[in-house]
Amino acid sequence: MTSYHGISSSPIPFKNIARGPDFTRVVGDIHGKIGSYYQIVNSTNTPLDSPSIQLGDFCYGFEESLNEKMEHVWKNHSSHHKFIRGNHDNPEKCKSSPAYLGDFFYDESKKLFGVSGAYSTDVDTRSPFINWWPNEELTTTEMNKAYELYDEKRPAVMISHDAPTSITKGYVGEYEYHIKTSTREFLQALLDLHSPRLWIHGHWHFNRFTEAKGCLFVSLEELGFIDVNWREDYFITSKKQKIKY
Ligand SMILES: [Fe+2]
């Protein structure tokens with residue numbers, strides 16, 4: 001069982017916590033669990049037009065039967081349900097989806113910046129173009145473009161699949177090793193350039209708050225979520241904690 005500051009966040013209560021136009025439900029890794037994803041974005045008494053953003057590792061592009069289920073949600077509700085990609089998603093499939101936010105993007109209305117992609121540490125166990133793709137991380141050119149845009153916009157909130165090196169080093173207690181990756185180093189360069197107030201990521205499969213450099217980092221577990229109010233700068237956890245940022 002994982003926790004936010006010692007408060008249980010598992011199992012996930014599929015309830016209407018704080019939905020509506022001022023909130024966006026930000027959702028962690030899905031790993032092909034489409035039924036659970038559907039419940040999270042379409043929770044009790046909450047219509048599918050309450051917006052959400054998912055942080056990658058849908059396993060989109062792995063199996064056609066799963067793809068069709070995801071595309072069914074996105075096709076009918078792509079203006080409400082968006083996603084970035086992780087290392088366990090097919091980049092080309094993602095780029096073809098109307099719900100994909102892009103390899104990097106900035107949303108002025110939310111003062112939100114996002115970066116897709118990550119490095120797969122289990123690449124040796126995977127099959128290219130079946131369940132692993134060589135362009136899982138942004139290219140140097142894409143990172144440079146993203147860096148310029150980030151410098152210009154100086155966002156209040158950041159989302160990414162993985163997290164900056166200085167933050168992931170703090171997670172090492174959960175794992176036996178830590179490696180620097182291009183994506184972590186790139187995200188670190190963004191953090192060194194400018195600290196947003198809130199940074200939400202997935203990939204690590206646990207719920208964790210970390211405060212560093214004036215920013216609150218929120219790691220979301222698989223199927224974990226928070227509801228962010230962009231206008232009033234707070235979010236609500238699945239255990240109904242209200243957190244200002
Ligand atoms: Fe991942």
# chains A, B, ... in the order shown; residues from 1 in each chain; ligands from 1
>>> residues_near_ligand(ligand="ligand 1", cutoff="9 Å", atoms="only C-alpha atoms and all ligand atoms", output="ChimeraX atom specification")
/A:29,56-57,85-89,117-120,161-162,202-205
>>> residues_around(residues="A:Glu221", least_positions_apart="6", cutoff="6 Å", atoms="only C-alpha atoms", output="CSV table (one decimal) with N, CA and C atoms, in the first residue's frame")
chain,number,residue,atom,x,y,z
A,28,GLY,N,-2.3,8.8,-13.5
A,28,GLY,CA,-1.0,8.2,-13.7
A,28,GLY,C,-1.0,7.1,-14.7
A,205,HIS,N,5.3,4.6,-10.3
A,205,HIS,CA,4.3,3.7,-9.8
A,205,HIS,C,4.2,3.8,-8.3
A,206,PHE,N,4.4,4.9,-7.7
A,206,PHE,CA,4.0,5.2,-6.3
A,206,PHE,C,3.5,6.6,-6.2
A,207,ASN,N,2.7,6.8,-5.1
A,207,ASN,CA,2.3,8.2,-4.8
A,207,ASN,C,3.4,8.8,-3.8
>>> closest_residue(among="A:Phe105, A:Phe83, A:Phe235, A:Phe23", to="A:Glu148", atoms="only C-alpha atoms")
A:Phe105
>>> select_by_dssp(residues="stretch 83-167 of chain A", states="alpha helix (DSSP H)", output="PyMOL selection string")
chain A and resi 91-95+140-153+165-167
>>> write_last_selection(atoms="N, CA and C atoms", output="short mmCIF file (atom, residue, chain, number, x, y, z; two decimals), in the first residue's frame")
data_model
loop_
_atom_site.label_atom_id
_atom_site.label_comp_id
_atom_site.auth_asym_id
_atom_site.auth_seq_id
_atom_site.Cartn_x
_atom_site.Cartn_y
_atom_site.Cartn_z
N PRO A 91 4.99 5.72 -30.20
CA PRO A 91 4.99 7.17 -30.50
C PRO A 91 4.18 7.53 -31.73
N GLU A 92 4.26 6.72 -32.78
CA GLU A 92 3.53 7.07 -34.02
C GLU A 92 2.02 6.94 -33.82
N LYS A 93 1.61 5.91 -33.09
CA LYS A 93 0.17 5.77 -32.79
C LYS A 93 -0.32 6.97 -31.98
N CYS A 94 0.49 7.36 -31.00
CA CYS A 94 0.09 8.51 -30.17
C CYS A 94 -0.10 9.76 -31.03
N LYS A 95 0.84 9.98 -31.94
CA LYS A 95 0.79 11.20 -32.76
C LYS A 95 -0.43 11.21 -33.67
N THR A 140 17.37 15.22 -29.54
CA THR A 140 18.06 16.43 -29.07
C THR A 140 17.44 17.68 -29.67
N THR A 141 17.09 17.60 -30.95
CA THR A 141 16.45 18.75 -31.62
C THR A 141 15.12 19.10 -30.95
N GLU A 142 14.32 18.07 -30.66
CA GLU A 142 13.02 18.31 -30.01
C GLU A 142 13.22 18.89 -28.61
N MET A 143 14.21 18.36 -27.89
CA MET A 143 14.48 18.88 -26.55
C MET A 143 14.89 20.34 -26.61
N ASN A 144 15.71 20.70 -27.60
CA ASN A 144 16.14 22.09 -27.73
C ASN A 144 14.95 23.01 -28.00
N LYS A 145 14.06 22.55 -28.87
CA LYS A 145 12.85 23.36 -29.15
C LYS A 145 11.98 23.50 -27.91
N ALA A 146 11.83 22.39 -27.19
CA ALA A 146 11.02 22.42 -25.97
C ALA A 146 11.65 23.35 -24.93
N TYR A 147 12.97 23.32 -24.83
CA TYR A 147 13.69 24.16 -23.87
C TYR A 147 13.43 25.64 -24.17
N GLU A 148 13.49 26.00 -25.45
CA GLU A 148 13.25 27.40 -25.85
C GLU A 148 11.83 27.84 -25.49
N LEU A 149 10.87 26.96 -25.76
CA LEU A 149 9.47 27.30 -25.46
C LEU A 149 9.26 27.41 -23.94
N TYR A 150 9.85 26.50 -23.21
CA TYR A 150 9.74 26.50 -21.74
C TYR A 150 10.34 27.79 -21.17
N ASP A 151 11.48 28.20 -21.73
CA ASP A 151 12.15 29.43 -21.28
C ASP A 151 11.26 30.64 -21.54
N GLU A 152 10.59 30.63 -22.68
CA GLU A 152 9.72 31.75 -23.05
C GLU A 152 8.47 31.79 -22.17
N LYS A 153 7.88 30.62 -21.88
CA LYS A 153 6.58 30.59 -21.20
C LYS A 153 6.68 30.55 -19.68
N THR A 165 16.35 14.43 -12.84
CA THR A 165 17.33 13.56 -12.18
C THR A 165 17.41 13.80 -10.67
N SER A 166 17.42 15.07 -10.26
CA SER A 166 17.59 15.36 -8.83
C SER A 166 16.41 14.83 -8.01
N ILE A 167 15.25 14.71 -8.65
CA ILE A 167 14.07 14.17 -7.96
C ILE A 167 14.10 12.64 -7.98
#
>>> closest_residue(among="A:Arg208, A:Phe225, A:Pro51, A:Lys110", to="A:Ser238", atoms="only C-alpha atoms")
A:Phe225
>>> decode(residues="stretch 225-239 of chain A", atoms="N, CA and C atoms", output="PDB file, in the first residue's frame")
ATOM      1  N   PHE A 225      -4.634   9.346  -9.225  1.00  0.00           N
ATOM      2  CA  PHE A 225      -5.044  10.606  -9.850  1.00  0.00           C
ATOM      3  C   PHE A 225      -5.185  11.708  -8.808  1.00  0.00           C
ATOM      4  N   ILE A 226      -5.110  12.955  -9.296  1.00  0.00           N
ATOM      5  CA  ILE A 226      -5.467  14.137  -8.515  1.00  0.00           C
ATOM      6  C   ILE A 226      -6.346  15.023  -9.393  1.00  0.00           C
ATOM      7  N   ASP A 227      -7.124  15.888  -8.759  1.00  0.00           N
ATOM      8  CA  ASP A 227      -7.983  16.832  -9.481  1.00  0.00           C
ATOM      9  C   ASP A 227      -7.420  18.230  -9.275  1.00  0.00           C
ATOM     10  N   VAL A 228      -6.948  18.837 -10.368  1.00  0.00           N
ATOM     11  CA  VAL A 228      -6.267  20.125 -10.293  1.00  0.00           C
ATOM     12  C   VAL A 228      -7.224  21.248 -10.657  1.00  0.00           C
ATOM     13  N   ASN A 229      -7.267  22.279  -9.800  1.00  0.00           N
ATOM     14  CA  ASN A 229      -8.012  23.495 -10.094  1.00  0.00           C
ATOM     15  C   ASN A 229      -6.996  24.542 -10.550  1.00  0.00           C
ATOM     16  N   TRP A 230      -6.949  24.776 -11.862  1.00  0.00           N
ATOM     17  CA  TRP A 230      -5.925  25.652 -12.442  1.00  0.00           C
ATOM     18  C   TRP A 230      -6.146  27.098 -12.059  1.00  0.00           C
ATOM     19  N   ARG A 231      -7.397  27.483 -11.868  1.00  0.00           N
ATOM     20  CA  ARG A 231      -7.723  28.892 -11.622  1.00  0.00           C
ATOM     21  C   ARG A 231      -7.344  29.304 -10.204  1.00  0.00           C
ATOM     22  N   GLU A 232      -7.511  28.378  -9.230  1.00  0.00           N
ATOM     23  CA  GLU A 232      -7.281  28.739  -7.833  1.00  0.00           C
ATOM     24  C   GLU A 232      -6.050  28.052  -7.247  1.00  0.00           C
ATOM     25  N   ASP A 233      -5.270  27.391  -8.093  1.00  0.00           N
ATOM     26  CA  ASP A 233      -3.951  26.863  -7.718  1.00  0.00           C
ATOM     27  C   ASP A 233      -3.993  25.879  -6.539  1.00  0.00           C
ATOM     28  N   TYR A 234      -4.864  24.900  -6.629  1.00  0.00           N
ATOM     29  CA  TYR A 234      -4.837  23.810  -5.654  1.00  0.00           C
ATOM     30  C   TYR A 234      -5.262  22.529  -6.339  1.00  0.00           C
ATOM     31  N   PHE A 235      -5.004  21.412  -5.677  1.00  0.00           N
ATOM     32  CA  PHE A 235      -5.517  20.142  -6.190  1.00  0.00           C
ATOM     33  C   PHE A 235      -6.065  19.326  -5.036  1.00  0.00           C
ATOM     34  N   ILE A 236      -6.878  18.365  -5.395  1.00  0.00           N
ATOM     35  CA  ILE A 236      -7.501  17.482  -4.416  1.00  0.00           C
ATOM     36  C   ILE A 236      -7.074  16.056  -4.718  1.00  0.00           C
ATOM     37  N   THR A 237      -6.597  15.353  -3.709  1.00  0.00           N
ATOM     38  CA  THR A 237      -6.153  13.975  -3.901  1.00  0.00           C
ATOM     39  C   THR A 237      -7.359  13.027  -3.877  1.00  0.00           C
ATOM     40  N   SER A 238      -7.107  11.781  -4.239  1.00  0.00           N
ATOM     41  CA  SER A 238      -8.197  10.793  -4.237  1.00  0.00           C
ATOM     42  C   SER A 238      -8.681  10.497  -2.820  1.00  0.00           C
ATOM     43  N   LYS A 239      -7.929  10.952  -1.796  1.00  0.00           N
ATOM     44  CA  LYS A 239      -8.382  10.830  -0.396  1.00  0.00           C
ATOM     45  C   LYS A 239      -8.951  12.153   0.116  1.00  0.00           C
TER      46      LYS A 239
END
